[in-house]
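Pasted below: my_file.tsv, TSV, C-alpha atoms and all ligand atoms.
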chain	number	residue	atom	x	y	z
A	1035	MET	CA	0.00	0.00	0.00
A	1036	LEU	CA	1.19	3.49	-0.86
A	1037	ILE	CA	-0.27	6.46	0.98
A	1038	LEU	CA	-0.15	9.68	-1.01
A	1039	MET	CA	-0.27	12.84	1.09
A	1040	ASN	CA	-1.86	16.10	-0.03
A	1041	SER	CA	0.66	18.74	-1.03
A	1042	ASP	CA	-0.56	20.94	1.89
A	1043	HIS	CA	-0.49	18.20	4.56
A	1044	THR	CA	0.88	19.13	7.95
A	1045	LYS	CA	3.64	17.46	9.93
A	1046	ALA	CA	0.97	16.21	12.35
A	1047	ASP	CA	-1.01	14.64	9.44
A	1048	LEU	CA	2.09	12.71	8.37
A	1049	GLU	CA	2.86	11.67	11.93
A	1050	ALA	CA	-0.70	10.36	12.34
A	1051	VAL	CA	-0.31	8.21	9.21
A	1052	LEU	CA	3.00	6.80	10.49
A	1053	GLU	CA	1.39	6.08	13.87
A	1054	LYS	CA	-1.51	4.30	12.20
A	1055	VAL	CA	0.90	2.10	10.20
A	1056	ARG	CA	2.92	1.24	13.32
A	1057	ALA	CA	-0.26	0.49	15.25
A	1058	LEU	CA	-1.06	-2.15	12.62
A	1059	LYS	CA	2.41	-3.64	13.37
A	1060	LEU	CA	3.59	-2.69	9.88
A	1061	LYS	CA	6.59	-0.69	8.68
A	1062	PRO	CA	6.18	2.82	7.21
A	1063	HIS	CA	8.70	4.21	4.72
A	1064	VAL	CA	8.53	7.96	4.10
A	1065	ILE	CA	9.23	8.72	0.45
A	1066	PRO	CA	9.76	12.41	-0.35
A	1067	GLY	CA	8.54	13.38	-3.83
A	1068	ALA	CA	8.60	16.45	-6.06
A	1069	GLN	CA	4.95	17.39	-5.34
A	1070	SER	CA	4.38	15.84	-1.94
A	1071	VAL	CA	5.32	13.03	0.40
A	1072	ALA	CA	4.23	9.41	0.09
A	1073	VAL	CA	4.35	6.68	2.72
A	1074	GLY	CA	5.04	3.13	1.60
A	1075	ILE	CA	3.86	0.31	3.84
A	1076	THR	CA	5.59	-3.04	4.04
A	1077	GLY	CA	5.09	-6.07	6.23
A	1078	ASN	CA	1.43	-6.82	5.51
A	1079	ALA	CA	0.65	-10.43	4.65
A	1080	GLY	CA	-2.63	-9.64	2.88
A	1081	ALA	CA	-4.32	-6.64	1.26
A	1082	LEU	CA	-4.96	-3.54	3.41
A	1083	ASP	CA	-8.19	-1.58	3.33
A	1084	PRO	CA	-7.41	1.83	1.71
A	1085	ARG	CA	-10.23	3.45	3.74
A	1086	GLU	CA	-8.21	2.94	6.92
A	1087	PHE	CA	-5.94	5.66	5.55
A	1088	THR	CA	-8.08	7.79	3.24
A	1089	VAL	CA	-10.16	8.93	6.23
A	1090	LEU	CA	-7.10	10.47	7.87
A	1091	PRO	CA	-6.52	14.23	7.43
A	1092	GLY	CA	-3.93	15.23	4.81
A	1093	VAL	CA	-4.22	11.94	2.89
A	1094	ARG	CA	-4.97	12.26	-0.84
A	1095	ASP	CA	-5.13	8.59	-1.74
A	1096	ALA	CA	-4.13	5.08	-0.68
A	1097	VAL	CA	-3.13	2.79	-3.54
A	1098	PRO	CA	-2.54	-0.94	-3.29
A	1099	VAL	CA	0.80	-2.15	-4.67
A	1100	THR	CA	0.43	-5.47	-6.44
A	1101	LYS	CA	4.07	-6.30	-7.19
A	1102	SER	CA	5.93	-8.59	-4.79
A	1103	TYR	CA	8.76	-6.06	-4.57
A	1104	LYS	CA	7.60	-2.75	-3.20
A	1105	LEU	CA	10.38	-0.37	-2.26
A	1106	ALA	CA	12.34	-1.37	-5.38
A	1107	GLY	CA	9.41	-0.66	-7.71
A	1108	ARG	CA	8.23	2.46	-9.49
A	1109	ASP	CA	4.86	2.23	-7.69
A	1110	PHE	CA	6.61	3.33	-4.52
A	1111	LYS	CA	8.96	5.83	-6.10
A	1112	HIS	CA	8.50	7.44	-9.50
A	1113	GLY	CA	11.73	9.41	-9.82
A	1114	ASP	CA	15.07	7.72	-10.50
A	1115	THR	CA	17.26	6.87	-7.53
A	1116	LEU	CA	20.66	8.53	-7.72
A	1117	VAL	CA	23.30	6.63	-5.78
A	1118	ARG	CA	26.03	8.85	-4.42
A	1119	VAL	CA	29.54	7.38	-4.72
A	1120	GLY	CA	32.33	9.77	-3.78
A	1121	PRO	CA	31.87	12.78	-6.05
A	1122	TYR	CA	29.54	10.90	-8.44
A	1123	GLU	CA	25.86	10.16	-8.72
A	1124	ILE	CA	24.98	6.89	-10.40
A	1125	GLY	CA	21.57	6.71	-12.12
A	1126	GLY	CA	19.23	9.16	-13.79
A	1127	LYS	CA	20.72	10.54	-16.98
A	1128	GLY	CA	24.32	9.85	-15.98
A	1129	PHE	CA	26.74	7.28	-17.36
A	1130	LEU	CA	30.07	6.14	-15.94
A	1131	ALA	CA	32.63	3.38	-16.09
A	1132	ILE	CA	33.97	1.15	-13.34
A	1133	ALA	CA	37.19	-0.47	-14.50
A	1134	GLY	CA	40.10	-2.43	-13.13
A	1135	PRO	CA	41.46	-5.93	-12.76
A	1136	CYS	CA	39.33	-8.94	-11.94
A	1137	ALA	CA	41.51	-9.54	-8.88
A	1138	VAL	CA	43.96	-7.54	-6.85
A	1139	GLU	CA	47.16	-9.52	-7.45
A	1140	SER	CA	49.84	-7.28	-5.96
A	1141	GLU	CA	50.36	-3.68	-4.98
A	1142	GLU	CA	52.37	-2.91	-8.14
A	1143	GLN	CA	49.81	-4.53	-10.46
A	1144	THR	CA	46.88	-2.73	-8.82
A	1145	LEU	CA	48.51	0.70	-8.75
A	1146	ARG	CA	49.67	0.34	-12.36
A	1147	ILE	CA	46.21	-0.64	-13.61
A	1148	ALA	CA	44.46	1.91	-11.41
A	1149	LYS	CA	46.57	4.69	-12.95
A	1150	ALA	CA	45.97	3.30	-16.44
A	1151	VAL	CA	42.17	3.15	-16.09
A	1152	LYS	CA	42.17	6.61	-14.56
A	1153	ALA	CA	44.17	7.96	-17.50
A	1154	ALA	CA	41.67	6.29	-19.83
A	1155	GLY	CA	38.78	8.13	-18.15
A	1156	ALA	CA	37.29	5.58	-15.70
A	1157	GLN	CA	35.43	7.15	-12.77
A	1158	LEU	CA	35.67	4.20	-10.36
A	1159	LEU	CA	38.22	1.43	-9.75
A	1160	ARG	CA	37.20	-2.21	-9.41
A	1161	GLY	CA	39.29	-5.08	-8.06
A	1162	GLY	CA	38.43	-8.24	-6.15
A	1163	ALA	CA	40.26	-9.00	-2.91
A	1164	PHE	CA	37.88	-11.80	-1.90
A	1165	LYS	CA	37.19	-13.84	-5.02
A	1166	PRO	CA	34.26	-16.26	-5.42
A	1167	ARG	CA	35.87	-19.01	-7.53
A	1168	THR	CA	34.17	-22.09	-8.94
A	1169	SER	CA	37.15	-24.22	-7.93
A	1170	PRO	CA	38.54	-24.19	-4.39
A	1171	TYR	CA	41.98	-24.70	-5.98
A	1172	SER	CA	41.84	-21.45	-8.00
A	1173	PHE	CA	43.31	-18.19	-6.71
A	1174	GLN	CA	40.94	-17.00	-3.99
A	1175	GLY	CA	42.18	-13.42	-3.82
A	1176	LEU	CA	44.58	-11.70	-1.45
A	1177	GLY	CA	41.88	-11.14	1.16
A	1178	LEU	CA	42.58	-8.38	3.67
A	1179	GLU	CA	45.96	-7.69	2.09
A	1180	GLY	CA	44.03	-6.95	-1.11
A	1181	ILE	CA	41.78	-4.53	0.77
A	1182	ARG	CA	44.87	-2.72	2.06
A	1183	ILE	CA	46.18	-2.45	-1.51
A	1184	LEU	CA	42.86	-1.04	-2.70
A	1185	ALA	CA	43.02	1.59	0.05
A	1186	LYS	CA	46.44	2.57	-1.24
A	1187	ALA	CA	45.19	2.72	-4.85
A	1188	LYS	CA	42.33	4.96	-3.71
A	1189	LYS	CA	44.72	7.24	-1.88
A	1190	GLU	CA	47.08	7.51	-4.85
A	1191	THR	CA	44.52	7.95	-7.63
A	1192	GLY	CA	41.47	9.35	-5.84
A	1193	LEU	CA	39.30	6.75	-7.60
A	1194	PRO	CA	36.46	5.41	-5.45
A	1195	ILE	CA	36.63	1.63	-4.96
A	1196	VAL	CA	34.18	-1.10	-5.97
A	1197	THR	CA	35.01	-4.46	-4.42
A	1198	GLU	CA	33.19	-7.65	-3.56
A	1199	VAL	CA	32.13	-8.64	-0.08
A	1200	LEU	CA	31.80	-12.41	0.17
A	1201	ASP	CA	30.45	-12.87	3.68
A	1202	GLN	CA	29.40	-11.18	6.91
A	1203	ARG	CA	32.66	-12.16	8.61
A	1204	THR	CA	34.73	-9.77	6.49
A	1205	LEU	CA	32.04	-7.14	5.90
A	1206	GLU	CA	33.31	-4.59	8.38
A	1207	GLN	CA	36.86	-4.59	7.06
A	1208	VAL	CA	35.79	-4.53	3.40
A	1209	ALA	CA	33.30	-1.72	4.10
A	1210	GLU	CA	36.05	0.41	5.62
A	1211	VAL	CA	37.72	0.77	2.22
A	1212	ALA	CA	34.98	0.03	-0.34
A	1213	ASP	CA	32.95	2.94	-1.64
A	1214	VAL	CA	30.62	0.42	-3.28
A	1215	LEU	CA	30.17	-3.05	-1.82
A	1216	GLN	CA	29.71	-5.56	-4.61
A	1217	VAL	CA	27.45	-8.56	-4.08
A	1218	GLY	CA	28.52	-11.18	-6.61
A	1219	ALA	CA	26.17	-13.16	-8.82
A	1220	ARG	CA	26.59	-16.24	-6.65
A	1221	ASN	CA	25.56	-14.32	-3.55
A	1222	MET	CA	22.50	-12.59	-5.01
A	1223	GLN	CA	20.23	-14.71	-2.86
A	1224	ASN	CA	22.42	-14.83	0.22
A	1225	PHE	CA	19.66	-13.25	2.24
A	1226	ALA	CA	21.61	-13.15	5.50
A	1227	LEU	CA	24.35	-11.13	3.78
A	1228	LEU	CA	21.80	-8.87	2.09
A	1229	LYS	CA	20.14	-8.11	5.42
A	1230	GLU	CA	23.49	-7.10	6.93
A	1231	LEU	CA	24.26	-4.90	3.93
A	1232	GLY	CA	20.80	-3.38	4.23
A	1233	ARG	CA	21.70	-2.13	7.68
A	1234	LEU	CA	24.78	-0.32	6.38
A	1235	ARG	CA	24.58	3.14	4.90
A	1236	LYS	CA	26.88	2.40	2.01
A	1237	PRO	CA	26.17	1.87	-1.70
A	1238	VAL	CA	25.74	-1.75	-2.71
A	1239	MET	CA	26.09	-3.09	-6.25
A	1240	LEU	CA	23.89	-6.15	-6.59
A	1241	LYS	CA	24.90	-8.40	-9.46
A	1242	ARG	CA	22.22	-10.52	-11.09
A	1243	GLY	CA	22.32	-14.20	-10.15
A	1244	LEU	CA	23.35	-16.74	-12.77
A	1245	SER	CA	19.78	-17.88	-13.32
A	1246	ALA	CA	17.78	-15.17	-11.61
A	1247	THR	CA	14.59	-13.77	-13.09
A	1248	LEU	CA	14.07	-10.03	-12.98
A	1249	ASP	CA	11.52	-10.51	-10.21
A	1250	GLU	CA	13.96	-12.54	-8.09
A	1251	TRP	CA	16.65	-9.95	-8.65
A	1252	LEU	CA	14.39	-7.09	-7.58
A	1253	MET	CA	13.28	-9.11	-4.54
A	1254	SER	CA	16.94	-9.34	-3.53
A	1255	ALA	CA	17.21	-5.57	-3.91
A	1256	GLU	CA	14.10	-5.38	-1.73
A	1257	TYR	CA	16.05	-7.07	1.10
A	1258	LEU	CA	18.53	-4.20	1.04
A	1259	LEU	CA	15.88	-1.49	0.75
A	1260	SER	CA	13.58	-2.95	3.39
A	1261	GLU	CA	16.42	-2.86	5.91
A	1262	GLY	CA	16.85	0.85	5.18
A	1263	ASN	CA	19.65	0.97	2.60
A	1264	GLY	CA	18.33	2.78	-0.46
A	1265	GLN	CA	21.76	3.08	-2.12
A	1266	VAL	CA	21.44	0.11	-4.47
A	1267	ILE	CA	22.86	-0.28	-7.97
A	1268	LEU	CA	21.85	-3.26	-10.10
A	1269	CYS	CA	24.40	-4.94	-12.36
A	1270	GLU	CA	23.51	-7.25	-15.25
A	1271	ARG	CA	26.38	-9.70	-15.89
A	1272	GLY	CA	24.83	-12.31	-18.15
A	1273	VAL	CA	22.77	-15.37	-17.33
A	1274	ARG	CA	22.94	-19.11	-18.08
A	1275	THR	CA	21.20	-20.24	-21.25
A	1276	PHE	CA	21.67	-23.01	-23.82
A	1277	SER	CA	23.98	-20.69	-25.80
A	1278	ASP	CA	27.53	-21.95	-25.52
A	1279	HIS	CA	29.40	-19.48	-27.69
A	1280	ALA	CA	29.94	-17.12	-24.77
A	1281	ARG	CA	30.61	-17.48	-21.06
A	1282	ASN	CA	27.06	-16.26	-20.33
A	1283	THR	CA	24.23	-14.69	-22.29
A	1284	LEU	CA	24.11	-10.94	-21.81
A	1285	ASP	CA	20.46	-10.11	-21.26
A	1286	LEU	CA	20.33	-6.54	-22.49
A	1287	THR	CA	16.54	-6.49	-22.64
A	1288	VAL	CA	16.71	-6.38	-18.88
A	1289	VAL	CA	18.04	-2.80	-19.06
A	1290	PRO	CA	14.84	-1.17	-20.37
A	1291	ALA	CA	12.79	-3.66	-18.31
A	1292	VAL	CA	14.53	-2.62	-15.08
A	1293	LYS	CA	14.14	1.04	-15.99
A	1294	GLU	CA	10.40	0.56	-16.49
A	1295	LEU	CA	9.80	-1.39	-13.30
A	1296	SER	CA	12.35	0.04	-10.89
A	1297	HIS	CA	13.83	3.42	-10.00
A	1298	LEU	CA	17.23	1.84	-9.20
A	1299	PRO	CA	20.22	2.46	-11.46
A	1300	ILE	CA	21.38	-0.38	-13.68
A	1301	ILE	CA	24.85	-0.93	-15.02
A	1302	VAL	CA	26.16	-3.72	-17.26
A	1303	ASP	CA	29.23	-5.94	-16.89
A	1304	PRO	CA	30.17	-7.09	-20.43
A	1305	SER	CA	33.32	-8.84	-19.17
A	1306	HIS	CA	31.71	-11.66	-17.20
A	1307	ALA	CA	28.81	-11.74	-19.66
A	1308	THR	CA	31.02	-12.59	-22.64
A	1309	GLY	CA	34.19	-14.04	-21.14
A	1310	VAL	CA	36.11	-13.16	-24.32
A	1311	ARG	CA	38.09	-9.94	-24.85
A	1312	SER	CA	36.98	-9.37	-28.45
A	1313	ARG	CA	33.31	-9.28	-27.42
A	1314	VAL	CA	33.60	-6.98	-24.44
A	1315	ALA	CA	33.70	-3.63	-26.26
A	1316	PRO	CA	30.80	-4.41	-28.64
A	1317	MET	CA	28.59	-5.44	-25.71
A	1318	ALA	CA	29.67	-2.43	-23.65
A	1319	ARG	CA	28.66	-0.19	-26.54
A	1320	ALA	CA	25.35	-2.05	-26.83
A	1321	ALA	CA	24.74	-1.58	-23.08
A	1322	ALA	CA	25.22	2.18	-23.42
A	1323	ALA	CA	22.86	2.21	-26.41
A	1324	ALA	CA	20.26	0.26	-24.40
A	1325	GLY	CA	20.23	3.04	-21.77
A	1326	ALA	CA	22.37	1.54	-18.99
A	1327	HIS	CA	23.73	3.95	-16.38
A	1328	GLY	CA	27.24	2.66	-16.80
A	1329	ILE	CA	29.47	-0.33	-17.36
A	1330	MET	CA	31.86	-2.33	-15.24
A	1331	VAL	CA	34.72	-3.75	-17.24
A	1332	GLU	CA	37.83	-5.76	-16.43
A	1333	VAL	CA	41.12	-4.22	-17.52
A	1334	HIS	CA	44.59	-5.77	-17.20
A	1335	ASP	CA	47.89	-4.58	-18.58
A	1336	ASP	CA	49.36	-8.09	-18.74
A	1337	PRO	CA	46.33	-10.31	-19.35
A	1338	LYS	CA	48.39	-13.43	-20.15
A	1339	ARG	CA	49.74	-13.40	-16.63
A	1340	ALA	CA	46.50	-12.41	-14.90
A	1341	LEU	CA	45.63	-14.70	-11.98
A	1342	CYS	CA	41.94	-14.52	-12.83
A	1343	ASP	CA	39.85	-13.89	-15.98
A	1344	GLY	CA	42.76	-12.79	-18.20
A	1345	ALA	CA	40.91	-13.94	-21.33
A	1346	GLN	CA	38.25	-11.30	-20.89
A	1347	ALA	CA	40.46	-8.42	-19.74
A	1348	LEU	CA	40.85	-5.40	-22.00
A	1349	PRO	CA	44.29	-3.85	-22.27
A	1350	PRO	CA	44.23	-0.17	-21.17
A	1351	SER	CA	44.55	1.09	-24.77
A	1352	GLU	CA	41.39	-0.76	-25.85
A	1353	PHE	CA	39.59	0.43	-22.75
A	1354	LYS	CA	40.54	4.01	-23.58
A	1355	ALA	CA	39.18	3.70	-27.12
A	1356	LEU	CA	36.00	2.19	-25.70
A	1357	MET	CA	35.53	5.15	-23.36
A	1358	GLY	CA	35.53	7.49	-26.37
A	1359	ASP	CA	32.82	5.42	-28.08
A	1360	LEU	CA	30.72	5.18	-24.91
A	1361	SER	CA	30.68	8.91	-24.44
A	1362	LYS	CA	29.17	9.36	-27.91
A	1363	ILE	CA	26.71	6.47	-27.62
A	1364	ALA	CA	25.51	7.49	-24.16
A	1365	SER	CA	24.82	11.02	-25.32
A	1366	ALA	CA	22.93	9.72	-28.37
A	1367	VAL	CA	20.42	8.10	-25.98
A	1368	GLY	CA	20.13	11.05	-23.61
A	1369	HIS	CA	22.76	10.02	-21.05
A	1370	LYS	CA	25.89	11.96	-20.24
A	1371	MET	CA	29.31	10.57	-19.38
A	1372	SER	CA	30.21	11.89	-15.89
A	1373	PRO	CA	33.33	14.01	-16.00
A	1374	GLN	CA	36.13	12.36	-14.02
A	1375	LYS	CA	36.40	14.10	-10.68
A	1376	ALA	CA	39.16	12.09	-9.02
A	1377	LYS	CA	42.12	14.19	-7.87
B	1401	LIG	C1	33.32	-9.99	-10.37
B	1401	LIG	O1	32.76	-9.00	-10.86
B	1401	LIG	O2	34.45	-9.91	-9.85
B	1401	LIG	C2	32.64	-11.29	-10.34
B	1401	LIG	C3	33.13	-12.32	-9.67
B	1401	LIG	O3	31.52	-11.32	-11.08
B	1401	LIG	P1	30.21	-12.27	-10.95
B	1401	LIG	O4	29.80	-12.29	-9.51
B	1401	LIG	O5	29.23	-11.55	-11.83
B	1401	LIG	O6	30.59	-13.61	-11.49
B	1402	MN	MN	36.39	-11.56	-13.11
If you took the structure in this file and wrote it as structure tokens, what would it be?
Amino acid sequence: MLILMNSDHTKADLEAVLEKVRALKLKPHVIPGAQSVAVGITGNAGALDPREFTVLPGVRDAVPVTKSYKLAGRDFKHGDTLVRVGPYEIGGKGFLAIAGPCAVESEEQTLRIAKAVKAAGAQLLRGGAFKPRTSPYSFQGLGLEGIRILAKAKKETGLPIVTEVLDQRTLEQVAEVADVLQVGARNMQNFALLKELGRLRKPVMLKRGLSATLDEWLMSAEYLLSEGNGQVILCERGVRTFSDHARNTLDLTVVPAVKELSHLPIIVDPSHATGVRSRVAPMARAAAAAGAHGIMVEVHDDPKRALCDGAQALPPSEFKALMGDLSKIASAVGHKMSPQKAK
């Protein structure tokens, strides 16, 4: 249920609505809007009677919300969510690039690549310190040492950091350095982790699960939002299908679908979606054309020796050329490449 307040409602009117919701043992969410305030209600098992609210002073209307996700949907919030990351806002009409190695391998490698992606125009630096690998025998990341290296890369380049948090155990330490906490595809439905992240006041990038429907994905976002964290960025990274010519199938139709159904920003990861270097730039360009709010792409300056995902890493020169294309494509569809603001 969404309670729409009159534009001339008083503070006391709003307070009475919140009280009424709490009295029903439900959770109110105040949503400021351009014209007036709305109050979203979550926690009800069945339908609520709109008259319970429309009789209250200052209330314009009470509309049932039929979707299973509520806070993540456009019913609850019409305007686009802008997620603040350092000096940037992700969402709306903006476009930006998150770039860097799949994994933090050493201080030298990370600083080198961080400087290279910065010179190529990237706004944010990515790099995994805790890596979710299919095989327990593969490189698992440098762990906390990797987080320390990312902190150094941030200090030297000024680029905000996007890095994955694998579990609750390491959340605090990762959150100290990360500007955006990445939830990997394999953790999209790790509800315990999502609840913890929902209690933080830090941007979270939620990658789409390997076989997740759009509804399931938005329900995972709902876990974050319902705990009070509205700073959520969605990331499409390809899904499993019968197609075997690529690592995954990049589902670009999900970009306009997300933008219709949700106010949350959506970015695209063409690296994990394709798994092959030659296909990364074409799919990144397609993502910009489809209206994504940005891309996240893996870049390595010595891909043959990369400890993880070298086959899909772009060398810095190719990434730089791609940035030029993206700027033009984004503006052709009404988005604007954010100017780099790192020091
Ligand atoms: C990553 O971006 O580092 C990663 C592991 O991606 P995904 O969770 O999409 O496989
Ligand atoms: Mn990778």
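Residues within 6 Å of range 1063-1079 of chain A, counting all atoms listed in the file and excluding same-chain residues fewer than 2 positions away, are Met1035, Leu1036, Ile1037, Leu1038, Met1039, Ser1041, Leu1060 and Lys1061 of chain A.
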Counting only C-alpha atoms and all ligand atoms, give me one row per residue of chain A with an atom at most 12 Å from an atom of ligand MN 1402 (chain B), showing the shortest contact pair and its distance in Å to one decimal, sorted by chain then residue number, as a tab-separated table.
residue	atom	partner	partner_atom	distance
A:Ala1133	CA	B:MN1402	MN	11.2
A:Gly1134	CA	B:MN1402	MN	9.9
A:Pro1135	CA	B:MN1402	MN	7.6
A:Cys1136	CA	B:MN1402	MN	4.1
A:Ala1137	CA	B:MN1402	MN	6.9
A:Val1138	CA	B:MN1402	MN	10.6
A:Arg1160	CA	B:MN1402	MN	10.1
A:Gly1161	CA	B:MN1402	MN	8.7
A:Gly1162	CA	B:MN1402	MN	8.0
A:Ala1163	CA	B:MN1402	MN	11.2
A:Phe1164	CA	B:MN1402	MN	11.3
A:Lys1165	CA	B:MN1402	MN	8.4
A:Pro1166	CA	B:MN1402	MN	9.3
A:Arg1167	CA	B:MN1402	MN	9.3
A:Thr1168	CA	B:MN1402	MN	11.5
A:Phe1173	CA	B:MN1402	MN	11.5
A:Gln1174	CA	B:MN1402	MN	11.6
A:Gly1175	CA	B:MN1402	MN	11.1
A:Thr1197	CA	B:MN1402	MN	11.3
A:Glu1198	CA	B:MN1402	MN	10.8
A:Gly1218	CA	B:MN1402	MN	10.2
A:Ala1219	CA	B:MN1402	MN	11.2
A:Arg1271	CA	B:MN1402	MN	10.6
A:Arg1281	CA	B:MN1402	MN	11.5
A:Asp1303	CA	B:MN1402	MN	9.9
A:Pro1304	CA	B:MN1402	MN	10.6
A:Ser1305	CA	B:MN1402	MN	7.3
A:His1306	CA	B:MN1402	MN	6.2
A:Ala1307	CA	B:MN1402	MN	10.0
A:Thr1308	CA	B:MN1402	MN	11.0
A:Gly1309	CA	B:MN1402	MN	8.7
A:Val1310	CA	B:MN1402	MN	11.3
A:Arg1311	CA	B:MN1402	MN	12.0
A:Met1330	CA	B:MN1402	MN	10.5
A:Val1331	CA	B:MN1402	MN	9.0
A:Glu1332	CA	B:MN1402	MN	6.8
A:Val1333	CA	B:MN1402	MN	9.8
A:His1334	CA	B:MN1402	MN	10.8
A:Pro1337	CA	B:MN1402	MN	11.8
A:Ala1340	CA	B:MN1402	MN	10.3
A:Leu1341	CA	B:MN1402	MN	9.8
A:Cys1342	CA	B:MN1402	MN	6.3
A:Asp1343	CA	B:MN1402	MN	5.1
A:Gly1344	CA	B:MN1402	MN	8.2
A:Ala1345	CA	B:MN1402	MN	9.7
A:Gln1346	CA	B:MN1402	MN	8.0
A:Ala1347	CA	B:MN1402	MN	8.4
A:Leu1348	CA	B:MN1402	MN	11.7
So that all listed atoms of ligand LIG 1401 (chain B) fit with 6 Å spare on each side, what axis-aligned box centre and edge lengths in Å, to one decimal, would you give as JSON?
{"center_x": 31.8, "center_y": -11.3, "center_z": -10.7, "size_x": 17.2, "size_y": 16.6, "size_z": 14.3}
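Comparing the minimum interatomic distances between ligand LIG 1401 (chain B) and each of A:Gly1120, A:Gly1232, A:Gly1243, A:Gly1177, counting all atoms listed in the file, we find that A:Gly1243 sits nearest.
Here the question is which of A:Leu1159, A:Glu1294, A:Asp1249, A:Arg1235 gets nearest to ligand LIG 1401 (chain B) using only C-alpha atoms and all ligand atoms, and that residue is A:Leu1159.
The neighbours of range 1082-1091 of chain A here are the residues that come within 8 Å of it, using all atoms listed in the file and leaving out any residue fewer than 2 positions away in the same chain; they are Met1035, Ile1037, His1043, Asp1047, Ala1050, Val1051, Asn1078, Gly1080, Val1093, Arg1094, Asp1095, Ala1096, Val1097 and Pro1098 of chain A.
Within the 10 Å cut-off around Val1214 in chain A, using all atoms listed in the file and omitting residues fewer than 6 positions from it on the same chain, the listed residues are Val1117, Arg1118, Val1119, Gly1120, Leu1158, Arg1160, Pro1194, Ile1195, Val1196, Thr1197, Glu1198, Val1199, Val1208, Lys1236, Pro1237, Val1238, Met1239, Leu1240, Gln1265, Val1266 and Ile1267 of chain A.
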Extract, using all atoms listed in the file, all DNA, RNA and protein residues at most 10 Å from Leu1231 in chain A, discarding same-chain residues fewer than 5 positions from it, and format them as a PyMOL selection string.
-> chain A and resi 1199+1202+1205+1209+1215+1217+1225-1226+1236-1238+1257-1259+1261-1263
Could those selected residues go to a file with C-alpha atoms, as a JSON list (two decimals), keeping the file's coordinate frame?
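selection_29.json written:
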[["chain", "number", "residue", "atom", "x", "y", "z"],
["A", 1199, "VAL", "CA", 32.13, -8.64, -0.08],
["A", 1202, "GLN", "CA", 29.40, -11.18, 6.91],
["A", 1205, "LEU", "CA", 32.04, -7.14, 5.90],
["A", 1209, "ALA", "CA", 33.30, -1.72, 4.10],
["A", 1215, "LEU", "CA", 30.17, -3.05, -1.82],
["A", 1217, "VAL", "CA", 27.45, -8.56, -4.08],
["A", 1225, "PHE", "CA", 19.66, -13.25, 2.24],
["A", 1226, "ALA", "CA", 21.61, -13.15, 5.50],
["A", 1236, "LYS", "CA", 26.88, 2.40, 2.01],
["A", 1237, "PRO", "CA", 26.17, 1.87, -1.70],
["A", 1238, "VAL", "CA", 25.74, -1.75, -2.71],
["A", 1257, "TYR", "CA", 16.05, -7.07, 1.10],
["A", 1258, "LEU", "CA", 18.53, -4.20, 1.04],
["A", 1259, "LEU", "CA", 15.88, -1.49, 0.75],
["A", 1261, "GLU", "CA", 16.42, -2.86, 5.91],
["A", 1262, "GLY", "CA", 16.85, 0.85, 5.18],
["A", 1263, "ASN", "CA", 19.65, 0.97, 2.60]]
Just give me the residues with any atom within 10 Å of (40.1, 14.9, -7.0), file coordinates, counting all atoms listed in the file, written as an MDAnalysis selection string.
-> chainID A and resid 1120:1121 1191:1193 1374:1377
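The closest residue to Tyr1122 in chain A, picked from A:Ala1323, A:Met1357, A:Met1371, A:Leu1244 and counting all atoms listed in the file, is A:Met1371.
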Identify, on the basis of all atoms listed in the file, every residue whose closest approach to Gly1328 in chain A does not exceed 12 Å; exclude the query and any residue fewer than 2 positions from it along the same chain; express the result as a PyMOL selection string.
-> chain A and resi 1122-1133+1156-1158+1267-1270+1289+1299-1304+1318-1326+1330-1331+1357+1360-1361+1363-1364+1369-1372
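You will find CA of Thr1100 in chain A at 17.9 Å from CA of Lys1293 in chain A.
One distance worth recording is that between CA of Leu1052 in chain A and CA of Asp1114 in chain A, which is 24.2 Å.
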Computed interatomic separation between CA of Met1317 in chain A and CA of Val1288 in chain A (Å) = 13.7 Å
